[in-house]
>>> print(open('protein.txt').read())   # compact mmCIF, C-alpha atoms and all ligand atoms
# COMPACT_ATOMS: atom_id res chain seq x y z
CA MET A 264 -25.97 -34.32 -30.37
CA ASN A 265 -24.79 -37.92 -30.04
CA GLY A 266 -26.23 -38.75 -33.44
CA GLN A 267 -23.54 -36.60 -35.09
CA LEU A 268 -20.65 -38.43 -33.43
CA PRO A 269 -18.61 -41.07 -35.17
CA PRO A 270 -19.83 -44.16 -33.31
CA LEU A 271 -17.47 -45.84 -30.88
CA PRO A 272 -17.46 -49.62 -30.86
CA HIS A 273 -20.13 -50.95 -28.47
CA ASP A 274 -17.65 -53.06 -26.57
CA LEU A 275 -15.23 -50.16 -25.93
CA PRO A 276 -14.85 -49.80 -22.17
CA ARG A 277 -16.20 -46.46 -20.91
CA SER A 278 -13.48 -46.09 -18.35
CA ASN A 279 -10.64 -43.57 -18.39
CA GLU A 280 -8.36 -46.03 -16.63
CA GLU A 281 -9.06 -48.95 -18.96
CA LEU A 282 -8.79 -46.86 -22.12
CA PHE A 283 -5.58 -45.24 -20.96
CA VAL A 284 -3.98 -48.61 -20.19
CA ARG A 285 -5.04 -49.79 -23.64
CA SER A 286 -3.71 -46.56 -25.23
CA CYS A 287 -0.36 -47.12 -23.55
CA ALA A 288 -0.08 -50.44 -25.37
CA ALA A 289 -0.67 -48.78 -28.74
CA ILE A 290 0.71 -45.25 -28.39
CA PRO A 291 3.94 -44.39 -26.52
CA GLY A 292 2.87 -43.15 -23.10
CA GLY A 293 -0.74 -43.38 -24.25
CA VAL A 294 -0.68 -39.88 -25.76
CA ASN A 295 0.18 -38.00 -28.93
CA SER A 296 1.50 -34.91 -27.13
CA SER A 297 3.54 -35.50 -23.98
CA ILE A 298 1.82 -33.16 -21.55
CA ARG A 299 -1.50 -34.97 -21.95
CA ALA A 300 -0.12 -38.01 -20.08
CA PHE A 301 -0.43 -36.23 -16.67
CA LYS A 302 3.24 -36.99 -15.85
CA ALA A 303 3.63 -33.55 -14.22
CA VAL A 304 0.57 -33.92 -11.99
CA GLY A 305 0.25 -37.71 -11.59
CA GLY A 306 -2.83 -39.82 -12.07
CA THR A 307 -4.75 -40.97 -15.12
CA PRO A 308 -5.85 -38.51 -17.81
CA TYR A 309 -9.53 -38.08 -18.51
CA ILE A 310 -10.24 -39.38 -22.01
CA VAL A 311 -12.43 -36.90 -23.88
CA GLU A 312 -15.38 -38.15 -25.87
CA ARG A 313 -16.89 -34.83 -26.84
CA ALA A 314 -16.96 -31.15 -25.99
CA GLU A 315 -19.32 -28.23 -26.27
CA GLY A 316 -18.74 -24.57 -25.44
CA ALA A 317 -16.80 -24.31 -22.18
CA TYR A 318 -17.21 -27.99 -21.36
CA VAL A 319 -15.50 -31.26 -22.20
CA TYR A 320 -17.06 -34.65 -21.40
CA ASP A 321 -15.00 -37.73 -20.71
CA VAL A 322 -15.83 -41.30 -21.71
CA GLU A 323 -17.30 -41.90 -18.24
CA GLY A 324 -19.83 -39.13 -18.87
CA ARG A 325 -18.21 -36.65 -16.43
CA ARG A 326 -18.40 -33.01 -17.41
CA TYR A 327 -15.55 -30.55 -16.85
CA VAL A 328 -15.35 -26.81 -17.28
CA ASP A 329 -12.44 -26.73 -19.72
CA LEU A 330 -9.67 -24.15 -19.27
CA VAL A 331 -7.37 -26.03 -21.65
CA GLN A 332 -9.34 -25.28 -24.83
CA SER A 333 -6.82 -27.27 -26.88
CA TYR A 334 -4.00 -25.13 -25.43
CA GLY A 335 -5.51 -22.06 -26.99
CA ALA A 336 -6.43 -23.44 -30.41
CA VAL A 337 -10.10 -23.12 -29.50
CA ILE A 338 -11.31 -19.60 -28.71
CA LEU A 339 -15.00 -19.56 -29.68
CA GLY A 340 -15.81 -22.51 -27.41
CA HIS A 341 -15.88 -26.17 -28.40
CA ALA A 342 -18.02 -27.33 -31.32
CA HIS A 343 -19.07 -23.77 -32.16
CA PRO A 344 -21.89 -24.08 -34.73
CA ALA A 345 -20.18 -21.71 -37.20
CA ILE A 346 -16.98 -23.77 -37.17
CA THR A 347 -18.84 -27.07 -37.40
CA ALA A 348 -20.86 -25.79 -40.35
CA ALA A 349 -17.76 -24.47 -42.14
CA ILE A 350 -15.91 -27.76 -41.72
CA THR A 351 -18.93 -29.82 -42.78
CA ALA A 352 -19.45 -27.76 -45.92
CA ALA A 353 -15.75 -27.88 -46.78
CA ALA A 354 -15.55 -31.65 -46.20
CA ALA A 355 -18.41 -32.22 -48.61
CA ALA A 356 -16.29 -30.57 -51.32
CA GLY A 357 -13.28 -32.79 -50.74
CA THR A 358 -10.66 -32.83 -48.00
CA SER A 359 -7.41 -32.12 -49.85
CA TYR A 360 -6.44 -31.68 -53.49
CA GLY A 361 -2.77 -30.91 -53.89
CA ALA A 362 -3.67 -27.76 -55.82
CA PRO A 363 -4.27 -24.12 -54.85
CA THR A 364 -7.70 -23.24 -53.43
CA PRO A 365 -9.74 -20.06 -52.95
CA GLY A 366 -10.04 -20.86 -49.23
CA GLU A 367 -6.30 -20.64 -48.58
CA LEU A 368 -6.15 -17.35 -50.48
CA LEU A 369 -8.97 -15.90 -48.39
CA LEU A 370 -7.38 -16.96 -45.10
CA ALA A 371 -3.99 -15.55 -46.14
CA GLU A 372 -5.66 -12.26 -47.16
CA GLU A 373 -7.47 -12.10 -43.83
CA ILE A 374 -4.24 -12.63 -41.86
CA ARG A 375 -2.55 -9.98 -43.97
CA ARG A 376 -5.40 -7.55 -43.41
CA ARG A 377 -5.24 -7.95 -39.62
CA VAL A 378 -1.46 -8.11 -39.24
CA PRO A 379 0.18 -5.42 -41.40
CA SER A 380 3.72 -6.81 -40.94
CA CYS A 381 2.60 -9.88 -42.90
CA ALA A 382 2.89 -8.73 -46.51
CA ARG A 383 3.01 -12.41 -47.52
CA VAL A 384 1.73 -15.49 -45.68
CA ARG A 385 2.58 -19.16 -46.21
CA LEU A 386 0.20 -21.70 -44.67
CA MET A 387 1.28 -25.05 -43.24
CA ASN A 388 0.14 -27.68 -40.75
CA SER A 389 1.33 -26.80 -37.25
CA GLY A 390 3.04 -24.18 -35.14
CA THR A 391 6.08 -26.44 -35.08
CA GLU A 392 6.25 -26.46 -38.87
CA ALA A 393 5.91 -22.67 -38.83
CA THR A 394 8.82 -22.13 -36.45
CA SER A 395 11.07 -24.66 -38.20
CA THR A 396 10.30 -23.02 -41.54
CA ALA A 397 11.01 -19.59 -40.04
CA VAL A 398 14.41 -20.81 -38.81
CA ARG A 399 15.34 -22.06 -42.28
CA LEU A 400 13.97 -18.92 -43.90
CA ALA A 401 15.84 -16.55 -41.57
CA ARG A 402 19.08 -18.41 -42.16
CA GLY A 403 18.54 -18.60 -45.91
CA PHE A 404 17.65 -14.93 -46.19
CA THR A 405 20.50 -13.57 -44.07
CA GLY A 406 23.16 -16.14 -44.98
CA ARG A 407 23.89 -16.40 -41.23
CA ASP A 408 23.45 -19.36 -38.86
CA ARG A 409 23.05 -17.94 -35.34
CA ILE A 410 19.56 -18.07 -33.81
CA VAL A 411 18.84 -16.38 -30.47
CA ILE A 412 15.99 -17.63 -28.27
CA PHE A 413 14.84 -16.90 -24.71
CA HIS A 414 14.96 -19.24 -21.74
CA GLY A 415 11.44 -20.47 -20.94
CA ASN A 416 9.99 -19.56 -24.34
CA PHE A 417 8.55 -22.48 -26.29
CA HIS A 418 8.55 -22.73 -30.06
CA GLY A 419 7.26 -26.25 -30.65
CA ALA A 420 9.15 -29.44 -31.42
CA THR A 421 11.75 -27.85 -33.73
CA ASP A 422 15.29 -29.22 -33.30
CA ALA A 423 17.12 -25.90 -33.66
CA LEU A 424 14.83 -24.30 -31.06
CA LEU A 425 14.98 -27.17 -28.55
CA ALA A 426 18.11 -25.88 -26.86
CA ALA A 427 18.75 -25.97 -23.13
CA GLY A 428 19.03 -22.67 -21.29
CA GLY A 429 21.14 -22.00 -18.22
CA SER A 430 20.06 -20.17 -15.08
CA GLY A 431 20.01 -16.54 -15.94
CA VAL A 432 23.02 -16.72 -18.22
CA ALA A 433 23.45 -17.04 -21.98
CA THR A 434 24.13 -20.60 -23.11
CA LEU A 435 25.08 -21.75 -26.58
CA GLY A 436 24.67 -25.09 -28.26
CA LEU A 437 23.27 -27.42 -25.57
CA PRO A 438 20.57 -29.83 -26.80
CA GLY A 439 17.32 -29.44 -24.85
CA THR A 440 16.25 -33.07 -25.38
CA ALA A 441 17.71 -36.43 -26.33
CA GLY A 442 17.81 -36.90 -30.07
CA VAL A 443 18.80 -33.33 -30.90
CA PRO A 444 22.41 -33.54 -32.09
CA ALA A 445 24.80 -30.91 -30.76
CA GLY A 446 25.16 -29.77 -34.36
CA ALA A 447 21.47 -28.88 -34.59
CA VAL A 448 21.76 -26.36 -31.74
CA ALA A 449 25.39 -25.34 -32.30
CA GLY A 450 24.10 -22.04 -33.62
CA THR A 451 21.36 -21.54 -31.02
CA LEU A 452 22.02 -19.09 -28.21
CA VAL A 453 19.64 -19.15 -25.23
CA VAL A 454 19.41 -15.91 -23.26
CA PRO A 455 17.26 -14.71 -20.30
CA TYR A 456 13.78 -13.38 -21.12
CA ASN A 457 13.09 -9.68 -20.66
CA GLN A 458 16.72 -8.64 -21.16
CA VAL A 459 17.79 -7.34 -24.56
CA PRO A 460 20.86 -9.33 -25.58
CA VAL A 461 23.81 -7.72 -27.34
CA LEU A 462 23.84 -9.31 -30.79
CA ASP A 463 26.58 -9.61 -33.34
CA GLU A 464 26.67 -9.83 -37.11
CA GLN A 465 26.50 -13.64 -37.09
CA THR A 466 22.90 -13.47 -35.89
CA ALA A 467 20.28 -14.57 -38.42
CA ALA A 468 17.28 -14.04 -36.16
CA VAL A 469 15.91 -13.53 -32.69
CA PHE A 470 12.86 -15.68 -31.92
CA VAL A 471 10.65 -14.47 -29.11
CA GLU A 472 7.22 -15.12 -27.62
CA PRO A 473 6.13 -11.45 -27.40
CA VAL A 474 4.11 -12.47 -24.34
CA ALA A 475 5.65 -15.61 -22.86
CA ALA A 476 2.78 -18.05 -22.36
CA ASN A 477 4.60 -21.33 -21.79
CA MET A 478 6.20 -20.47 -18.41
CA GLY A 479 3.02 -19.29 -16.83
CA VAL A 480 2.17 -15.98 -18.45
CA VAL A 481 5.05 -13.51 -18.39
CA ALA A 482 4.57 -10.06 -19.88
CA PRO A 483 7.34 -8.33 -21.77
CA LYS A 484 8.82 -5.51 -19.69
CA ASP A 485 8.39 -1.99 -21.01
CA GLY A 486 10.87 -1.49 -23.81
CA PHE A 487 11.91 -5.15 -24.12
CA LEU A 488 10.28 -5.79 -27.51
CA GLN A 489 11.24 -2.32 -28.75
CA GLY A 490 14.80 -3.00 -27.59
CA LEU A 491 14.88 -6.27 -29.51
CA ARG A 492 13.66 -4.46 -32.62
CA ALA A 493 16.45 -1.88 -32.32
CA GLU A 494 19.17 -4.45 -31.59
CA CYS A 495 18.10 -6.63 -34.54
CA ASP A 496 18.18 -3.57 -36.79
CA ARG A 497 21.64 -2.61 -35.52
CA VAL A 498 23.18 -5.92 -36.64
CA GLY A 499 20.89 -6.74 -39.58
CA ALA A 500 19.20 -9.70 -37.87
CA LEU A 501 15.55 -10.62 -38.35
CA LEU A 502 13.10 -10.26 -35.47
CA VAL A 503 10.67 -13.20 -35.37
CA PHE A 504 7.60 -13.03 -33.16
CA ASP A 505 6.24 -16.45 -32.29
CA GLU A 506 2.55 -15.57 -32.08
CA VAL A 507 1.31 -19.16 -32.16
CA ILE A 508 -0.52 -18.42 -28.89
CA THR A 509 -0.89 -14.63 -28.95
CA GLY A 510 -1.95 -14.33 -32.61
CA PHE A 511 -5.64 -13.44 -32.88
CA ARG A 512 -5.97 -14.09 -29.12
CA LEU A 513 -4.42 -11.00 -27.59
CA GLY A 514 -6.26 -8.81 -30.07
CA VAL A 515 -7.15 -8.50 -33.74
CA GLY A 516 -3.52 -7.85 -34.67
CA GLY A 517 -1.90 -10.03 -31.99
CA ALA A 518 0.92 -9.01 -29.66
CA GLN A 519 2.63 -6.90 -32.31
CA GLU A 520 -0.38 -4.60 -32.49
CA HIS A 521 -0.79 -4.63 -28.69
CA TYR A 522 2.82 -3.50 -28.11
CA GLY A 523 3.33 -1.53 -31.33
CA VAL A 524 6.42 -3.44 -32.49
CA ARG A 525 6.71 -4.69 -36.05
CA PRO A 526 8.60 -7.98 -36.46
CA ASP A 527 10.13 -9.11 -39.75
CA LEU A 528 8.49 -12.53 -39.51
CA THR A 529 5.62 -13.92 -37.47
CA THR A 530 4.70 -17.53 -36.81
CA PHE A 531 1.06 -18.47 -36.23
CA GLY A 532 -0.90 -21.58 -35.32
CA LYS A 533 -3.61 -22.52 -32.83
CA VAL A 534 -6.43 -19.92 -33.24
CA ILE A 535 -6.02 -19.49 -37.02
CA GLY A 536 -7.11 -23.08 -37.62
CA GLY A 537 -10.35 -22.86 -35.64
CA GLY A 538 -9.24 -26.01 -33.82
CA LEU A 539 -7.94 -27.86 -36.87
CA PRO A 540 -4.24 -28.49 -37.59
CA ILE A 541 -2.62 -25.36 -39.00
CA GLY A 542 0.44 -23.15 -38.90
CA ALA A 543 1.59 -20.12 -40.85
CA VAL A 544 4.61 -17.92 -41.40
CA GLY A 545 4.00 -14.33 -42.42
CA GLY A 546 6.24 -11.36 -42.88
CA ARG A 547 8.17 -8.95 -45.06
CA GLN A 548 7.73 -9.48 -48.76
CA ASP A 549 11.47 -9.67 -49.49
CA VAL A 550 12.03 -12.23 -46.76
CA MET A 551 8.95 -14.32 -47.55
CA GLU A 552 9.76 -14.40 -51.26
CA THR A 553 13.02 -16.13 -50.39
CA LEU A 554 10.82 -19.22 -49.91
CA SER A 555 10.50 -21.70 -52.77
CA PRO A 556 9.26 -21.56 -55.49
CA LEU A 557 10.38 -17.90 -55.80
CA GLY A 558 13.56 -18.22 -53.78
CA PRO A 559 16.16 -20.76 -52.69
CA VAL A 560 14.70 -21.71 -49.26
CA PHE A 561 12.71 -24.92 -49.60
CA HIS A 562 9.27 -25.38 -48.12
CA ALA A 563 6.54 -27.85 -49.08
CA GLY A 564 3.64 -29.72 -47.50
CA THR A 565 1.18 -32.29 -48.88
CA LEU A 566 -1.66 -30.98 -46.71
CA ALA A 567 -0.47 -27.35 -46.42
CA GLY A 568 -3.35 -24.89 -46.86
CA ASN A 569 -5.77 -27.71 -46.13
CA PRO A 570 -9.35 -26.85 -47.15
CA LEU A 571 -10.91 -27.96 -43.83
CA ALA A 572 -8.37 -26.07 -41.73
CA THR A 573 -8.64 -22.91 -43.82
CA ALA A 574 -12.45 -23.08 -43.73
CA ALA A 575 -12.44 -23.47 -39.94
CA GLY A 576 -9.85 -20.72 -39.61
CA ARG A 577 -11.82 -18.29 -41.75
CA ALA A 578 -14.98 -19.03 -39.79
CA ALA A 579 -13.13 -18.39 -36.52
CA LEU A 580 -11.59 -15.11 -37.70
CA GLU A 581 -14.94 -13.92 -39.01
CA LEU A 582 -16.33 -14.11 -35.48
CA LEU A 583 -13.20 -12.62 -33.90
CA THR A 584 -14.24 -9.03 -34.48
CA PRO A 585 -12.57 -6.18 -32.56
CA ASP A 586 -15.39 -6.01 -29.99
CA VAL A 587 -14.74 -9.63 -28.92
CA TYR A 588 -11.35 -8.88 -27.35
CA PRO A 589 -12.47 -6.49 -24.58
CA LEU A 590 -15.07 -9.11 -23.66
CA LEU A 591 -12.45 -11.87 -23.52
CA ALA A 592 -10.11 -9.61 -21.56
CA ALA A 593 -12.87 -8.93 -19.02
CA ARG A 594 -13.44 -12.67 -18.63
CA ALA A 595 -9.71 -13.28 -18.25
CA ALA A 596 -9.58 -10.58 -15.56
CA ARG A 597 -12.55 -12.10 -13.76
CA LEU A 598 -11.02 -15.60 -13.93
CA ALA A 599 -7.81 -14.28 -12.39
CA ALA A 600 -9.78 -12.43 -9.70
CA VAL A 601 -11.81 -15.51 -8.84
CA LEU A 602 -8.67 -17.65 -8.49
CA THR A 603 -6.82 -14.94 -6.58
CA ASP A 604 -9.70 -14.58 -4.12
CA ALA A 605 -9.97 -18.33 -3.59
CA CYS A 606 -6.25 -18.66 -2.86
CA ALA A 607 -6.21 -15.58 -0.62
CA ALA A 608 -9.18 -16.91 1.39
CA ALA A 609 -7.37 -20.22 1.88
CA GLY A 610 -4.10 -18.52 2.81
CA LEU A 611 -2.40 -19.99 -0.26
CA PRO A 612 0.27 -17.69 -1.73
CA ALA A 613 -0.39 -17.40 -5.46
CA THR A 614 -0.62 -14.86 -8.25
CA PHE A 615 -2.50 -15.10 -11.52
CA PRO A 616 -0.86 -12.68 -13.97
CA VAL A 617 -3.14 -11.32 -16.67
CA VAL A 618 -1.96 -9.98 -20.02
CA GLY A 619 -4.99 -8.95 -22.04
CA THR A 620 -6.94 -12.14 -22.68
CA LEU A 621 -4.24 -14.47 -21.25
CA VAL A 622 -4.09 -15.69 -17.65
CA GLY A 623 -1.13 -17.45 -16.01
CA MET A 624 -0.59 -19.10 -12.64
CA TYR A 625 2.24 -18.81 -10.15
CA PHE A 626 2.12 -20.59 -6.79
CA GLY A 627 4.52 -18.90 -4.44
CA ALA A 628 4.98 -15.82 -2.30
CA GLY A 629 7.46 -14.24 -4.70
CA PRO A 630 6.78 -11.28 -7.00
CA VAL A 631 5.16 -11.85 -10.40
CA PRO A 632 7.82 -13.66 -12.46
CA THR A 633 9.56 -11.75 -15.24
CA ASP A 634 11.80 -14.56 -16.49
CA PHE A 635 12.13 -18.33 -16.38
CA GLN A 636 14.40 -18.42 -13.36
CA GLN A 637 11.63 -16.80 -11.34
CA ALA A 638 8.79 -18.66 -13.07
CA LYS A 639 10.24 -22.04 -12.22
CA THR A 640 10.17 -21.29 -8.49
CA THR A 641 6.41 -21.95 -8.65
CA ASP A 642 5.46 -24.67 -6.13
CA GLU A 643 4.77 -27.65 -8.38
CA ALA A 644 3.55 -29.82 -5.48
CA ILE A 645 0.93 -27.20 -4.61
CA TYR A 646 -0.07 -27.03 -8.24
CA ARG A 647 -0.52 -30.82 -8.38
CA ALA A 648 -2.83 -30.68 -5.36
CA PHE A 649 -4.75 -27.70 -6.73
CA PHE A 650 -5.04 -29.31 -10.17
CA HIS A 651 -6.48 -32.55 -8.81
CA ALA A 652 -8.87 -30.81 -6.43
CA MET A 653 -10.14 -28.65 -9.31
CA LEU A 654 -10.53 -31.71 -11.54
CA ALA A 655 -12.45 -33.54 -8.82
CA ALA A 656 -14.69 -30.48 -8.56
CA GLY A 657 -15.30 -30.55 -12.32
CA VAL A 658 -12.83 -27.95 -13.63
CA ALA A 659 -10.04 -29.04 -15.99
CA LEU A 660 -6.82 -27.03 -15.90
CA ALA A 661 -3.83 -28.01 -18.03
CA PRO A 662 -1.87 -30.86 -16.40
CA GLY A 663 1.28 -28.77 -15.99
CA ALA A 664 2.22 -25.88 -13.72
CA TYR A 665 3.57 -23.69 -16.56
CA GLU A 666 0.59 -23.63 -18.92
CA ALA A 667 -1.68 -20.66 -19.48
CA LEU A 668 -5.39 -20.74 -18.67
CA PHE A 669 -7.46 -20.20 -21.79
CA VAL A 670 -10.80 -18.42 -21.65
CA GLY A 671 -12.98 -18.19 -24.69
CA LEU A 672 -16.43 -17.13 -25.76
CA GLY A 673 -17.81 -20.24 -24.04
CA HIS A 674 -16.74 -19.02 -20.59
CA THR A 675 -19.81 -17.06 -19.63
CA ASP A 676 -20.39 -15.50 -16.22
CA ALA A 677 -22.27 -18.61 -15.12
CA VAL A 678 -19.28 -20.76 -16.06
CA LEU A 679 -16.94 -18.41 -14.19
CA ASP A 680 -19.21 -18.81 -11.15
CA GLU A 681 -18.74 -22.59 -11.39
CA ILE A 682 -14.97 -22.07 -11.49
CA ALA A 683 -15.15 -19.79 -8.45
CA ALA A 684 -17.05 -22.39 -6.44
CA ALA A 685 -14.57 -25.13 -7.38
CA ALA A 686 -11.55 -22.93 -6.70
CA ALA A 687 -12.60 -22.09 -3.14
CA GLY A 688 -12.48 -25.75 -2.13
CA ALA A 689 -9.45 -26.56 -4.27
CA ALA A 690 -7.38 -23.77 -2.72
CA ARG A 691 -8.25 -25.08 0.77
CA ALA A 692 -7.33 -28.62 -0.30
CA ALA A 693 -4.01 -27.46 -1.75
CA THR A 694 -3.23 -25.50 1.41
CA SER A 695 -3.87 -28.48 3.68
CA SER A 696 -1.85 -30.76 1.35
CA SER A 697 1.19 -28.54 1.97
CA GLY A 698 0.64 -29.20 5.70
C1 LIG B 1 1.93 -24.38 -29.26
C2 LIG B 1 3.10 -23.53 -29.62
C3 LIG B 1 3.95 -23.86 -30.69
C4 LIG B 1 3.83 -25.15 -31.44
O1 LIG B 1 2.65 -25.27 -32.17
P1 LIG B 1 2.11 -26.74 -32.55
O2 LIG B 1 0.93 -26.48 -33.42
O3 LIG B 1 1.81 -27.43 -31.26
O4 LIG B 1 3.22 -27.42 -33.28
C5 LIG B 1 4.92 -22.95 -31.05
N1 LIG B 1 5.08 -21.78 -30.39
C6 LIG B 1 4.32 -21.46 -29.34
C7 LIG B 1 4.51 -20.14 -28.67
C8 LIG B 1 3.31 -22.32 -28.91
O5 LIG B 1 2.58 -22.01 -27.83
>>> encode(input="protein.txt", output="structure tokens")
Amino acid sequence: MNGQLPPLPHDLPRSNEELFVRSCAAIPGGVNSSIRAFKAVGGTPYIVERAEGAYVYDVEGRRYVDLVQSYGAVILGHAHPAITAAITAAAAAGTSYGAPTPGELLLAEEIRRRVPSCARVRLMNSGTEATSTAVRLARGFTGRDRIVIFHGNFHGATDALLAAGGSGVATLGLPGTAGVPAGAVAGTLVVPYNQVPVLDEQTAAVFVEPVAANMGVVAPKDGFLQGLRAECDRVGALLVFDEVITGFRLGVGGAQEHYGVRPDLTTFGKVIGGGLPIGAVGGRQDVMETLSPLGPVFHAGTLAGNPLATAAGRAALELLTPDVYPLLAARAARLAAVLTDACAAAGLPATFPVVGTLVGMYFGAGPVPTDFQQAKTTDEAIYRAFFHAMLAAGVALAPGAYEALFVGLGHTDAVLDEIAAAAAGAARAATSSSG
């Protein structure tokens, strides 16, 4: 196993603490994606050296059951032999050409075959690139500027979609982070999740996570997605499903198949790259052909349709046959049951909502959240204590109270037993921490 790894320098300290301090001197905050810095939970991140199946191993040689799974990009388990073989073979044929390839065609055809709303598919490098391209495309196609998004939904680091939402009310044009000019979100309206907004004819598109998986896991209420479809149709706006998490994870055809609602555009990422950087926009032929070179909406990318990412993605999809999803859903249900039992036994109020193969967490006595106002009442201090007790017991959750738990083919019954054992103690520790 170790023989296949790119060698680390012999003098590199095998200490999370030392490496993180050194990373902080070279990389802002020591990380390349903010959540990894453990700001929300405190402490020093474990620095991963390698991973296999359900497990990640840090540089100190500690093993963790991994429920992060690259925030959902990995579904077959880490270092799955089929993915590794596909990437190795592709790499031997060159890593990027700047010309069309058969691999990108085959991945696009496979996405199209599984997701009928995607008559055309454009591949790119990240979910963020997919959502920012979809914003430009929706505006270019409709000739309108207004974009509607939902409070607590996440669409990546795209300026127009990084707008601040108010508490349970519609807010327009407030930047969600420093560096986003008011002008970039002047056309962005943020409305509460699970309520169908009344749109007007200025609206280019409604962007929605069909299952919200970045505020815990919040299911769409009955009729919500159907209502959005009807309201978009009424005013001639495009309905965009952000399936960067749900695509090829909730089922073969993603959330749109699960709920029977056909969006005009869909954004993908995570699973379709088999753990390599990827993103995609798919949708109606007339809308998609508004993209350059056929239409006036510009899109380009030096590494777009990358041969390694498309090879890994095709290998992943090949193994994601219809029979896999009931198995993953059963594991998700068992994970939620195990965590629910542990918290109940410790007298810790918590719920673990399950939507198909997705599991969320909510620490509180309230009902299962249906929007962000409710989701954010989760007890973050309890989560911090639970997170650290789980980590100490060898189970890695995401270092943030609003992330989903990701089960994959690596999470066998034996692994779920390990999680159960860790959770029993962690729930007791979190309960006593709340005094
Ligand atoms: C992760 C995520 C994105 C962003 O994808 P990146 O590949 O991280 O840029 C967009 N939308 C949703 C719903 C996501 O979960």
>>> residues_around(input="protein.txt", residues="A:Ala578", least_positions_apart="6", cutoff="8 Å", atoms="only C-alpha atoms", output="VMD selection string")
chain A and resid 345 to 346 349 537
>>> residues_around(input="protein.txt", residues="A:Val658", least_positions_apart="3", cutoff="9 Å", atoms="all atoms listed in the file", output="JSON, numbers by chain")
{"A": [318, 326, 327, 328, 329, 330, 650, 652, 653, 654, 655, 681, 682, 685, 686]}
>>> closest_atom_pairs(input="protein.txt", of="chain A", to="ligand LIG 1 (chain B)", cutoff="6 Å", atoms="only C-alpha atoms and all ligand atoms", output="JSON lines")
{"residue": "A:Ser389", "atom": "CA", "partner": "B:LIG1", "partner_atom": "O2", "distance": 3.9}
{"residue": "A:Gly390", "atom": "CA", "partner": "B:LIG1", "partner_atom": "O1", "distance": 3.2}
{"residue": "A:Thr391", "atom": "CA", "partner": "B:LIG1", "partner_atom": "O4", "distance": 3.5}
{"residue": "A:Phe417", "atom": "CA", "partner": "B:LIG1", "partner_atom": "C7", "distance": 5.2}
{"residue": "A:His418", "atom": "CA", "partner": "B:LIG1", "partner_atom": "N1", "distance": 3.6}
{"residue": "A:Gly419", "atom": "CA", "partner": "B:LIG1", "partner_atom": "C4", "distance": 3.7}
{"residue": "A:Glu472", "atom": "CA", "partner": "B:LIG1", "partner_atom": "C7", "distance": 5.8}
{"residue": "A:Asp505", "atom": "CA", "partner": "B:LIG1", "partner_atom": "C7", "distance": 5.5}
{"residue": "A:Val507", "atom": "CA", "partner": "B:LIG1", "partner_atom": "C6", "distance": 4.7}
{"residue": "A:Ile508", "atom": "CA", "partner": "B:LIG1", "partner_atom": "O5", "distance": 4.9}
{"residue": "A:Gly532", "atom": "CA", "partner": "B:LIG1", "partner_atom": "O2", "distance": 5.6}
>>> write_last_selection(input="protein.txt", atoms="C-alpha atoms", output="mmCIF file, keeping the file's coordinate frame")
data_model
loop_
_atom_site.group_PDB
_atom_site.id
_atom_site.type_symbol
_atom_site.label_atom_id
_atom_site.label_comp_id
_atom_site.auth_asym_id
_atom_site.auth_seq_id
_atom_site.Cartn_x
_atom_site.Cartn_y
_atom_site.Cartn_z
ATOM 1 C CA SER A 389 1.330 -26.800 -37.250
ATOM 2 C CA GLY A 390 3.040 -24.180 -35.140
ATOM 3 C CA THR A 391 6.080 -26.440 -35.080
ATOM 4 C CA PHE A 417 8.550 -22.480 -26.290
ATOM 5 C CA HIS A 418 8.550 -22.730 -30.060
ATOM 6 C CA GLY A 419 7.260 -26.250 -30.650
ATOM 7 C CA GLU A 472 7.220 -15.120 -27.620
ATOM 8 C CA ASP A 505 6.240 -16.450 -32.290
ATOM 9 C CA VAL A 507 1.310 -19.160 -32.160
ATOM 10 C CA ILE A 508 -0.520 -18.420 -28.890
ATOM 11 C CA GLY A 532 -0.900 -21.580 -35.320
#
>>> closest_residue(input="protein.txt", among="A:Ala692, A:Val322, A:Ala592, A:Ala599", to="A:Leu282", atoms="all atoms listed in the file")
A:Val322
>>> residues_around(input="protein.txt", residues="A:Glu312", least_positions_apart="3", cutoff="10 Å", atoms="all atoms listed in the file", output="mmCIF file with C-alpha atoms, keeping the file's coordinate frame")
data_model
loop_
_atom_site.group_PDB
_atom_site.id
_atom_site.type_symbol
_atom_site.label_atom_id
_atom_site.label_comp_id
_atom_site.auth_asym_id
_atom_site.auth_seq_id
_atom_site.Cartn_x
_atom_site.Cartn_y
_atom_site.Cartn_z
ATOM 1 C CA LEU A 268 -20.650 -38.430 -33.430
ATOM 2 C CA LEU A 271 -17.470 -45.840 -30.880
ATOM 3 C CA ARG A 277 -16.200 -46.460 -20.910
ATOM 4 C CA TYR A 309 -9.530 -38.080 -18.510
ATOM 5 C CA VAL A 319 -15.500 -31.260 -22.200
ATOM 6 C CA TYR A 320 -17.060 -34.650 -21.400
ATOM 7 C CA ASP A 321 -15.000 -37.730 -20.710
ATOM 8 C CA VAL A 322 -15.830 -41.300 -21.710
ATOM 9 C CA GLU A 323 -17.300 -41.900 -18.240
ATOM 10 C CA GLY A 324 -19.830 -39.130 -18.870
ATOM 11 C CA ARG A 325 -18.210 -36.650 -16.430
#
>>> atom_distance(input="protein.txt", atom1="atom CA of A:Ile645", atom2="atom CA of A:Val304")
10.0 Å
